[in-house]
file input-v9.txt (compact mmCIF, N, CA and C atoms)
# COMPACT_ATOMS: atom_id res chain seq x y z
N ARG A 1 -164.48 137.07 -227.85
CA ARG A 1 -163.17 136.73 -227.32
C ARG A 1 -162.80 135.30 -227.67
N THR A 2 -163.79 134.41 -227.72
CA THR A 2 -163.51 133.02 -228.06
C THR A 2 -162.99 132.91 -229.49
N ALA A 3 -163.49 133.73 -230.38
CA ALA A 3 -163.02 133.71 -231.77
C ALA A 3 -161.66 134.39 -231.90
N LEU A 4 -161.39 135.36 -231.07
CA LEU A 4 -160.13 136.11 -231.15
C LEU A 4 -158.96 135.33 -230.57
N ALA A 5 -159.17 134.53 -229.54
CA ALA A 5 -158.08 133.81 -228.87
C ALA A 5 -157.26 132.97 -229.84
N PRO A 6 -157.86 132.16 -230.72
CA PRO A 6 -157.05 131.39 -231.66
C PRO A 6 -156.25 132.25 -232.62
N VAL A 7 -156.79 133.39 -232.98
CA VAL A 7 -156.06 134.30 -233.88
C VAL A 7 -154.81 134.82 -233.18
N LEU A 8 -154.94 135.15 -231.90
CA LEU A 8 -153.79 135.67 -231.16
C LEU A 8 -152.76 134.59 -230.87
N ALA A 9 -153.20 133.36 -230.67
CA ALA A 9 -152.28 132.28 -230.33
C ALA A 9 -151.58 131.67 -231.54
N ALA A 10 -152.14 131.83 -232.71
CA ALA A 10 -151.53 131.26 -233.91
C ALA A 10 -150.32 132.09 -234.33
N PRO A 11 -149.22 131.45 -234.69
CA PRO A 11 -148.04 132.22 -235.09
C PRO A 11 -148.25 132.93 -236.42
N GLY A 12 -147.81 134.18 -236.48
CA GLY A 12 -147.79 134.93 -237.73
C GLY A 12 -149.14 135.27 -238.32
N THR A 13 -150.19 135.42 -237.51
CA THR A 13 -151.50 135.67 -238.07
C THR A 13 -151.84 137.14 -238.21
N LEU A 14 -151.23 137.99 -237.46
CA LEU A 14 -151.50 139.43 -237.58
C LEU A 14 -150.29 140.11 -238.20
N ALA A 15 -150.55 141.19 -238.92
CA ALA A 15 -149.46 141.90 -239.60
C ALA A 15 -148.43 142.43 -238.60
N SER A 16 -148.89 142.87 -237.46
CA SER A 16 -147.99 143.43 -236.47
C SER A 16 -147.75 142.42 -235.35
N ARG A 17 -146.64 141.73 -235.42
CA ARG A 17 -146.33 140.71 -234.42
C ARG A 17 -146.25 141.29 -233.00
N PRO A 18 -145.64 142.45 -232.77
CA PRO A 18 -145.62 142.99 -231.40
C PRO A 18 -147.03 143.29 -230.88
N LEU A 19 -147.91 143.75 -231.74
CA LEU A 19 -149.28 144.01 -231.31
C LEU A 19 -149.98 142.71 -230.95
N ARG A 20 -149.79 141.68 -231.78
CA ARG A 20 -150.40 140.38 -231.48
C ARG A 20 -149.90 139.85 -230.15
N ARG A 21 -148.60 139.95 -229.92
CA ARG A 21 -148.02 139.47 -228.66
C ARG A 21 -148.60 140.26 -227.48
N GLU A 22 -148.74 141.55 -227.65
CA GLU A 22 -149.29 142.39 -226.58
C GLU A 22 -150.74 142.02 -226.28
N LEU A 23 -151.52 141.79 -227.31
CA LEU A 23 -152.92 141.40 -227.12
C LEU A 23 -153.03 140.01 -226.49
N LEU A 24 -152.17 139.09 -226.91
CA LEU A 24 -152.16 137.75 -226.31
C LEU A 24 -151.78 137.83 -224.84
N GLU A 25 -150.80 138.63 -224.52
CA GLU A 25 -150.38 138.81 -223.13
C GLU A 25 -151.53 139.40 -222.30
N PHE A 26 -152.26 140.35 -222.87
CA PHE A 26 -153.41 140.93 -222.19
C PHE A 26 -154.46 139.85 -221.92
N LEU A 27 -154.72 139.03 -222.92
CA LEU A 27 -155.69 137.96 -222.76
C LEU A 27 -155.25 136.99 -221.66
N LEU A 28 -153.98 136.61 -221.65
CA LEU A 28 -153.47 135.68 -220.64
C LEU A 28 -153.48 136.28 -219.24
N THR A 29 -153.43 137.57 -219.16
CA THR A 29 -153.43 138.25 -217.86
C THR A 29 -154.84 138.44 -217.31
N HIS A 30 -155.81 138.64 -218.20
CA HIS A 30 -157.14 139.06 -217.74
C HIS A 30 -158.28 138.08 -218.01
N GLU A 31 -158.04 137.05 -218.78
CA GLU A 31 -159.14 136.17 -219.18
C GLU A 31 -159.49 135.15 -218.10
N HIS A 32 -160.80 134.94 -217.92
CA HIS A 32 -161.29 133.97 -216.94
C HIS A 32 -162.29 132.98 -217.56
N ASP A 33 -162.78 133.27 -218.73
CA ASP A 33 -163.80 132.42 -219.35
C ASP A 33 -163.19 131.12 -219.86
N PRO A 34 -163.62 129.97 -219.33
CA PRO A 34 -163.05 128.70 -219.76
C PRO A 34 -163.18 128.43 -221.27
N ALA A 35 -164.24 128.90 -221.89
CA ALA A 35 -164.41 128.69 -223.34
C ALA A 35 -163.33 129.42 -224.12
N VAL A 36 -162.99 130.62 -223.71
CA VAL A 36 -161.94 131.40 -224.38
C VAL A 36 -160.59 130.71 -224.17
N LEU A 37 -160.32 130.29 -222.94
CA LEU A 37 -159.05 129.64 -222.63
C LEU A 37 -158.93 128.30 -223.34
N ASP A 38 -160.04 127.58 -223.49
CA ASP A 38 -160.03 126.31 -224.21
C ASP A 38 -159.70 126.54 -225.68
N ALA A 39 -160.28 127.58 -226.27
CA ALA A 39 -159.96 127.91 -227.66
C ALA A 39 -158.49 128.26 -227.81
N LEU A 40 -157.97 128.99 -226.85
CA LEU A 40 -156.55 129.34 -226.84
C LEU A 40 -155.68 128.09 -226.74
N LEU A 41 -156.05 127.18 -225.85
CA LEU A 41 -155.30 125.93 -225.66
C LEU A 41 -155.22 125.13 -226.95
N HIS A 42 -156.34 124.96 -227.61
CA HIS A 42 -156.36 124.14 -228.82
C HIS A 42 -155.53 124.74 -229.95
N THR A 43 -155.45 126.04 -230.00
CA THR A 43 -154.58 126.67 -231.00
C THR A 43 -153.13 126.57 -230.58
N ALA A 44 -152.86 126.81 -229.30
CA ALA A 44 -151.48 126.73 -228.80
C ALA A 44 -150.90 125.34 -229.03
N GLY A 45 -151.70 124.31 -228.86
CA GLY A 45 -151.23 122.93 -229.02
C GLY A 45 -150.88 122.57 -230.45
N ARG A 46 -151.25 123.40 -231.39
CA ARG A 46 -150.95 123.14 -232.80
C ARG A 46 -149.75 123.95 -233.30
N ARG A 47 -149.18 124.75 -232.43
CA ARG A 47 -148.00 125.53 -232.83
C ARG A 47 -146.80 124.60 -232.98
N ASP A 48 -145.83 125.04 -233.74
CA ASP A 48 -144.61 124.23 -233.91
C ASP A 48 -143.37 125.08 -233.67
N ASP A 49 -143.48 125.96 -232.69
CA ASP A 49 -142.35 126.84 -232.38
C ASP A 49 -141.95 126.71 -230.92
N ASP A 50 -141.03 127.53 -230.50
CA ASP A 50 -140.50 127.45 -229.14
C ASP A 50 -141.48 127.95 -228.08
N GLU A 51 -142.53 128.63 -228.49
CA GLU A 51 -143.46 129.20 -227.53
C GLU A 51 -144.58 128.24 -227.12
N ILE A 52 -144.68 127.09 -227.77
CA ILE A 52 -145.80 126.19 -227.52
C ILE A 52 -145.86 125.74 -226.06
N ARG A 53 -144.73 125.34 -225.48
CA ARG A 53 -144.73 124.83 -224.11
C ARG A 53 -145.25 125.88 -223.14
N ASP A 54 -144.70 127.07 -223.22
CA ASP A 54 -145.10 128.14 -222.31
C ASP A 54 -146.58 128.48 -222.48
N LEU A 55 -147.04 128.54 -223.69
CA LEU A 55 -148.43 128.90 -223.95
C LEU A 55 -149.39 127.82 -223.44
N VAL A 56 -149.08 126.56 -223.66
CA VAL A 56 -149.91 125.47 -223.16
C VAL A 56 -149.90 125.48 -221.62
N HIS A 57 -148.74 125.65 -221.03
CA HIS A 57 -148.62 125.64 -219.57
C HIS A 57 -149.36 126.82 -218.94
N ARG A 58 -149.17 128.01 -219.49
CA ARG A 58 -149.85 129.19 -218.94
C ARG A 58 -151.36 129.07 -219.06
N THR A 59 -151.81 128.53 -220.19
CA THR A 59 -153.25 128.34 -220.37
C THR A 59 -153.77 127.32 -219.35
N GLY A 60 -153.00 126.26 -219.12
CA GLY A 60 -153.38 125.27 -218.12
C GLY A 60 -153.47 125.87 -216.73
N ARG A 61 -152.52 126.69 -216.37
CA ARG A 61 -152.56 127.33 -215.03
C ARG A 61 -153.79 128.20 -214.88
N LEU A 62 -154.22 128.83 -215.96
CA LEU A 62 -155.44 129.65 -215.90
C LEU A 62 -156.68 128.77 -215.79
N LEU A 63 -156.70 127.70 -216.55
CA LEU A 63 -157.88 126.83 -216.54
C LEU A 63 -158.05 126.09 -215.22
N VAL A 64 -156.99 125.66 -214.59
CA VAL A 64 -157.12 124.84 -213.38
C VAL A 64 -157.53 125.63 -212.14
N ARG A 65 -157.83 126.89 -212.31
CA ARG A 65 -158.32 127.68 -211.17
C ARG A 65 -159.69 127.21 -210.70
N THR A 66 -160.43 126.52 -211.59
CA THR A 66 -161.73 125.98 -211.22
C THR A 66 -161.77 124.50 -211.58
N PRO A 67 -162.58 123.71 -210.88
CA PRO A 67 -162.68 122.29 -211.23
C PRO A 67 -163.14 122.07 -212.69
N ALA A 68 -164.09 122.86 -213.15
CA ALA A 68 -164.56 122.72 -214.53
C ALA A 68 -163.45 123.07 -215.52
N GLY A 69 -162.67 124.08 -215.19
CA GLY A 69 -161.55 124.46 -216.05
C GLY A 69 -160.48 123.39 -216.07
N ALA A 70 -160.20 122.78 -214.92
CA ALA A 70 -159.21 121.70 -214.85
C ALA A 70 -159.64 120.52 -215.71
N THR A 71 -160.91 120.19 -215.64
CA THR A 71 -161.44 119.11 -216.48
C THR A 71 -161.30 119.46 -217.95
N ARG A 72 -161.60 120.70 -218.28
CA ARG A 72 -161.49 121.15 -219.66
C ARG A 72 -160.05 121.09 -220.16
N PHE A 73 -159.09 121.46 -219.31
CA PHE A 73 -157.68 121.41 -219.68
C PHE A 73 -157.25 119.97 -219.95
N ASP A 74 -157.59 119.07 -219.02
CA ASP A 74 -157.22 117.66 -219.20
C ASP A 74 -157.84 117.09 -220.48
N ARG A 75 -159.10 117.38 -220.71
CA ARG A 75 -159.76 116.90 -221.93
C ARG A 75 -159.09 117.47 -223.18
N GLY A 76 -158.72 118.75 -223.09
CA GLY A 76 -158.05 119.38 -224.23
C GLY A 76 -156.72 118.73 -224.54
N LEU A 77 -155.94 118.41 -223.51
CA LEU A 77 -154.66 117.74 -223.72
C LEU A 77 -154.83 116.38 -224.37
N VAL A 78 -155.80 115.62 -223.87
CA VAL A 78 -156.04 114.29 -224.43
C VAL A 78 -156.54 114.41 -225.87
N ASP A 79 -157.45 115.34 -226.11
CA ASP A 79 -157.96 115.55 -227.47
C ASP A 79 -156.83 115.89 -228.43
N MET A 80 -155.96 116.80 -228.03
CA MET A 80 -154.84 117.16 -228.90
C MET A 80 -153.86 116.00 -229.04
N GLY A 81 -153.68 115.24 -227.96
CA GLY A 81 -152.81 114.06 -228.04
C GLY A 81 -153.31 113.05 -229.05
N ARG A 82 -154.61 112.97 -229.19
CA ARG A 82 -155.21 112.04 -230.15
C ARG A 82 -155.20 112.56 -231.58
N HIS A 83 -155.35 113.88 -231.74
CA HIS A 83 -155.60 114.43 -233.07
C HIS A 83 -154.50 115.32 -233.66
N VAL A 84 -153.59 115.78 -232.85
CA VAL A 84 -152.51 116.64 -233.35
C VAL A 84 -151.24 115.80 -233.43
N PRO A 85 -150.75 115.53 -234.63
CA PRO A 85 -149.56 114.69 -234.77
C PRO A 85 -148.38 115.21 -233.94
N GLY A 86 -147.83 114.33 -233.14
CA GLY A 86 -146.65 114.66 -232.33
C GLY A 86 -146.93 115.32 -231.00
N PHE A 87 -148.18 115.74 -230.75
CA PHE A 87 -148.45 116.46 -229.51
C PHE A 87 -148.31 115.56 -228.29
N ALA A 88 -148.79 114.33 -228.35
CA ALA A 88 -148.69 113.43 -227.20
C ALA A 88 -147.23 113.19 -226.82
N ALA A 89 -146.39 112.97 -227.82
CA ALA A 89 -144.96 112.77 -227.54
C ALA A 89 -144.33 114.02 -226.95
N LEU A 90 -144.70 115.17 -227.47
CA LEU A 90 -144.19 116.44 -226.96
C LEU A 90 -144.63 116.64 -225.52
N MET A 91 -145.90 116.39 -225.25
CA MET A 91 -146.43 116.55 -223.90
C MET A 91 -145.76 115.56 -222.95
N ALA A 92 -145.55 114.33 -223.40
CA ALA A 92 -144.87 113.33 -222.56
C ALA A 92 -143.45 113.79 -222.22
N ARG A 93 -142.78 114.39 -223.17
CA ARG A 93 -141.42 114.89 -222.91
C ARG A 93 -141.45 116.00 -221.88
N TRP A 94 -142.41 116.93 -222.00
CA TRP A 94 -142.51 118.00 -221.01
C TRP A 94 -142.78 117.44 -219.62
N LEU A 95 -143.69 116.47 -219.54
CA LEU A 95 -144.03 115.86 -218.25
C LEU A 95 -142.82 115.17 -217.63
N ALA A 96 -142.00 114.54 -218.47
CA ALA A 96 -140.82 113.83 -217.97
C ALA A 96 -139.69 114.80 -217.61
N ASP A 97 -139.50 115.83 -218.42
CA ASP A 97 -138.39 116.76 -218.20
C ASP A 97 -138.60 117.68 -217.00
N THR A 98 -139.81 118.15 -216.81
CA THR A 98 -140.09 119.10 -215.73
C THR A 98 -141.39 118.71 -215.02
N PRO A 99 -141.42 117.57 -214.35
CA PRO A 99 -142.66 117.11 -213.73
C PRO A 99 -143.21 118.09 -212.69
N GLU A 100 -142.33 118.81 -212.02
CA GLU A 100 -142.80 119.77 -211.01
C GLU A 100 -143.60 120.91 -211.63
N ASP A 101 -143.29 121.28 -212.86
CA ASP A 101 -144.02 122.35 -213.53
C ASP A 101 -145.44 121.93 -213.89
N TRP A 102 -145.61 120.64 -214.17
CA TRP A 102 -146.89 120.15 -214.68
C TRP A 102 -147.74 119.48 -213.61
N ALA A 103 -147.18 119.18 -212.44
CA ALA A 103 -147.90 118.43 -211.41
C ALA A 103 -149.21 119.09 -211.00
N ALA A 104 -149.24 120.40 -210.95
CA ALA A 104 -150.44 121.10 -210.49
C ALA A 104 -151.47 121.30 -211.59
N VAL A 105 -151.12 121.04 -212.83
CA VAL A 105 -152.07 121.31 -213.91
C VAL A 105 -152.54 120.08 -214.67
N VAL A 106 -151.79 118.99 -214.63
CA VAL A 106 -152.16 117.78 -215.37
C VAL A 106 -152.57 116.70 -214.39
N GLY A 107 -153.79 116.23 -214.51
CA GLY A 107 -154.30 115.20 -213.62
C GLY A 107 -153.69 113.84 -213.91
N PRO A 108 -153.76 112.92 -212.94
CA PRO A 108 -153.14 111.60 -213.10
C PRO A 108 -153.73 110.79 -214.26
N SER A 109 -155.02 110.86 -214.47
CA SER A 109 -155.60 110.08 -215.57
C SER A 109 -155.16 110.65 -216.93
N THR A 110 -155.01 111.96 -217.00
CA THR A 110 -154.53 112.58 -218.24
C THR A 110 -153.07 112.20 -218.47
N ARG A 111 -152.30 112.19 -217.42
CA ARG A 111 -150.89 111.77 -217.51
C ARG A 111 -150.79 110.35 -218.06
N ARG A 112 -151.62 109.45 -217.55
CA ARG A 112 -151.62 108.07 -218.04
C ARG A 112 -152.07 108.00 -219.50
N MET A 113 -153.06 108.80 -219.87
CA MET A 113 -153.54 108.80 -221.25
C MET A 113 -152.46 109.32 -222.19
N ILE A 114 -151.74 110.36 -221.77
CA ILE A 114 -150.63 110.88 -222.57
C ILE A 114 -149.57 109.80 -222.74
N GLU A 115 -149.27 109.07 -221.66
CA GLU A 115 -148.32 107.94 -221.75
C GLU A 115 -148.77 106.94 -222.80
N ASN A 116 -150.04 106.57 -222.75
CA ASN A 116 -150.56 105.59 -223.69
C ASN A 116 -150.50 106.10 -225.14
N LEU A 117 -150.90 107.34 -225.33
CA LEU A 117 -150.89 107.91 -226.68
C LEU A 117 -149.48 108.07 -227.23
N ALA A 118 -148.54 108.44 -226.35
CA ALA A 118 -147.16 108.66 -226.80
C ALA A 118 -146.38 107.36 -226.86
N GLY A 119 -146.84 106.35 -226.14
CA GLY A 119 -146.12 105.08 -226.12
C GLY A 119 -144.86 105.10 -225.29
N VAL A 120 -144.80 106.03 -224.31
CA VAL A 120 -143.64 106.11 -223.42
C VAL A 120 -144.13 106.32 -221.99
N GLY A 121 -143.30 105.93 -221.03
CA GLY A 121 -143.63 106.13 -219.63
C GLY A 121 -143.34 107.56 -219.21
N VAL A 122 -144.17 108.07 -218.31
CA VAL A 122 -143.99 109.41 -217.77
C VAL A 122 -143.94 109.30 -216.27
N PRO A 123 -142.88 109.79 -215.61
CA PRO A 123 -142.81 109.70 -214.15
C PRO A 123 -143.96 110.46 -213.50
N ALA A 124 -144.48 109.92 -212.43
CA ALA A 124 -145.59 110.55 -211.71
C ALA A 124 -145.14 111.71 -210.86
call {"tool": "encode", "arguments": {"input": "input-v9.txt", "output": "structure tokens"}}
result
Amino acid sequence: RTALAPVLAAPGTLASRPLRRELLEFLLTHEHDPAVLDALLHTAGRRDDDEIRDLVHRTGRLLVRTPAGATRFDRGLVDMGRHVPGFAALMARWLADTPEDWAAVVGPSTRRMIENLAGVGVPA
């Protein structure tokens, strides 16, 4: 499942887009393994389409169900902010535009790190 999650989250990777979407939806509905969700997060953060925000947020909501998952989500966001061009700025914009959506999934230290990486302030 850990190897399959990035395939499902990457845009245009399977011949049948409706099937890929259905399998991804199944994974998001039933998956509990933090390693699988972390793999999904890292692929979702590299997308450049309209679905990136929803996919990152949904993955975060799944990961924060446990303390270890919440830590993994925060680390994943910071890692992508450091290594994926434009991700920190994108994340900062999401945090600023809809802070209530992200308050339960992004920890304060991660919020500050995103601010530093993006070079912009993010309301708490």
call {"tool": "select_by_dssp", "arguments": {"input": "input-v9.txt", "residues": "chain A", "states": "helix (DSSP H, G or I)", "output": "PyMOL selection string"}}
result
chain A and resi 4-9+17-30+34-44+52-63+67-83+87-97+99-102+108-118
call {"tool": "atom_distance", "arguments": {"input": "input-v9.txt", "atom1": "CA of Ala10 (chain A)", "atom2": "CA of Arg47 (chain A)"}}
result
6.8 Å
call {"tool": "atom_distance", "arguments": {"input": "input-v9.txt", "atom1": "CA of Leu19 (chain A)", "atom2": "CA of Ala35 (chain A)"}}
result
23.0 Å
call {"tool": "atom_distance", "arguments": {"input": "input-v9.txt", "atom1": "atom C of Leu28 (chain A)", "atom2": "CA of Leu63 (chain A)"}}
result
10.8 Å
call {"tool": "residues_around", "arguments": {"input": "input-v9.txt", "residues": "Ala88 (chain A)", "least_positions_apart": "6", "cutoff": "7 Å", "atoms": "all atoms listed in the file", "output": "ChimeraX atom specification"}}
result
/A:80-82,114-115,117-119
call {"tool": "write_last_selection", "arguments": {"input": "input-v9.txt", "atoms": "N, CA and C atoms", "output": "PDB file, keeping the file's coordinate frame"}}
result
ATOM      1  N   MET A  80    -155.960 116.800-228.030  1.00  0.00           N
ATOM      2  CA  MET A  80    -154.840 117.160-228.900  1.00  0.00           C
ATOM      3  C   MET A  80    -153.860 116.000-229.040  1.00  0.00           C
ATOM      4  N   GLY A  81    -153.680 115.240-227.960  1.00  0.00           N
ATOM      5  CA  GLY A  81    -152.810 114.060-228.040  1.00  0.00           C
ATOM      6  C   GLY A  81    -153.310 113.050-229.050  1.00  0.00           C
ATOM      7  N   ARG A  82    -154.610 112.970-229.190  1.00  0.00           N
ATOM      8  CA  ARG A  82    -155.210 112.040-230.150  1.00  0.00           C
ATOM      9  C   ARG A  82    -155.200 112.560-231.580  1.00  0.00           C
ATOM     10  N   ILE A 114    -151.740 110.360-221.770  1.00  0.00           N
ATOM     11  CA  ILE A 114    -150.630 110.880-222.570  1.00  0.00           C
ATOM     12  C   ILE A 114    -149.570 109.800-222.740  1.00  0.00           C
ATOM     13  N   GLU A 115    -149.270 109.070-221.660  1.00  0.00           N
ATOM     14  CA  GLU A 115    -148.320 107.940-221.750  1.00  0.00           C
ATOM     15  C   GLU A 115    -148.770 106.940-222.800  1.00  0.00           C
ATOM     16  N   LEU A 117    -150.900 107.340-225.330  1.00  0.00           N
ATOM     17  CA  LEU A 117    -150.890 107.910-226.680  1.00  0.00           C
ATOM     18  C   LEU A 117    -149.480 108.070-227.230  1.00  0.00           C
ATOM     19  N   ALA A 118    -148.540 108.440-226.350  1.00  0.00           N
ATOM     20  CA  ALA A 118    -147.160 108.660-226.800  1.00  0.00           C
ATOM     21  C   ALA A 118    -146.380 107.360-226.860  1.00  0.00           C
ATOM     22  N   GLY A 119    -146.840 106.350-226.140  1.00  0.00           N
ATOM     23  CA  GLY A 119    -146.120 105.080-226.120  1.00  0.00           C
ATOM     24  C   GLY A 119    -144.860 105.100-225.290  1.00  0.00           C
TER      25      GLY A 119
END
call {"tool": "residues_around", "arguments": {"input": "input-v9.txt", "residues": "Trp102 (chain A)", "least_positions_apart": "2", "cutoff": "12 Å", "atoms": "only C-alpha atoms", "output": "ChimeraX atom specification"}}
result
/A:53-54,56-61,64,73-74,91-100,104-108,110-111,122-124
call {"tool": "residues_around", "arguments": {"input": "input-v9.txt", "residues": "Pro34 (chain A)", "least_positions_apart": "6", "cutoff": "9 Å", "atoms": "only C-alpha atoms", "output": "list of chain:residue names"}}
result
A:Leu62, A:Leu63, A:Ala68, A:Gly69, A:Arg72
call {"tool": "closest_residue", "arguments": {"input": "input-v9.txt", "among": "A:Ala103, A:Leu8, A:Ala89, A:Leu37", "to": "Glu25 (chain A)", "atoms": "only N, CA and C atoms"}}
result
A:Leu8
call {"tool": "residues_near_point", "arguments": {"input": "input-v9.txt", "point": "(-163.1, 135.6, -225.2)", "cutoff": "8 Å", "atoms": "all atoms listed in the file", "output": "MDAnalysis selection string"}}
result
chainID A and resid 1:5 31:33 35:37
call {"tool": "closest_residue", "arguments": {"input": "input-v9.txt", "among": "A:Asp38, A:Leu27, A:Arg46, A:Pro6", "to": "Gly86 (chain A)", "atoms": "only C-alpha atoms"}}
result
A:Arg46
call {"tool": "closest_residue", "arguments": {"input": "input-v9.txt", "among": "A:Leu41, A:Ile52, A:Val7, A:Leu23", "to": "Leu77 (chain A)", "atoms": "all atoms listed in the file"}}
result
A:Leu41
call {"tool": "closest_residue", "arguments": {"input": "input-v9.txt", "among": "A:Arg112, A:Thr66, A:Gly121, A:Ala9", "to": "Leu40 (chain A)", "atoms": "only N, CA and C atoms"}}
result
A:Ala9
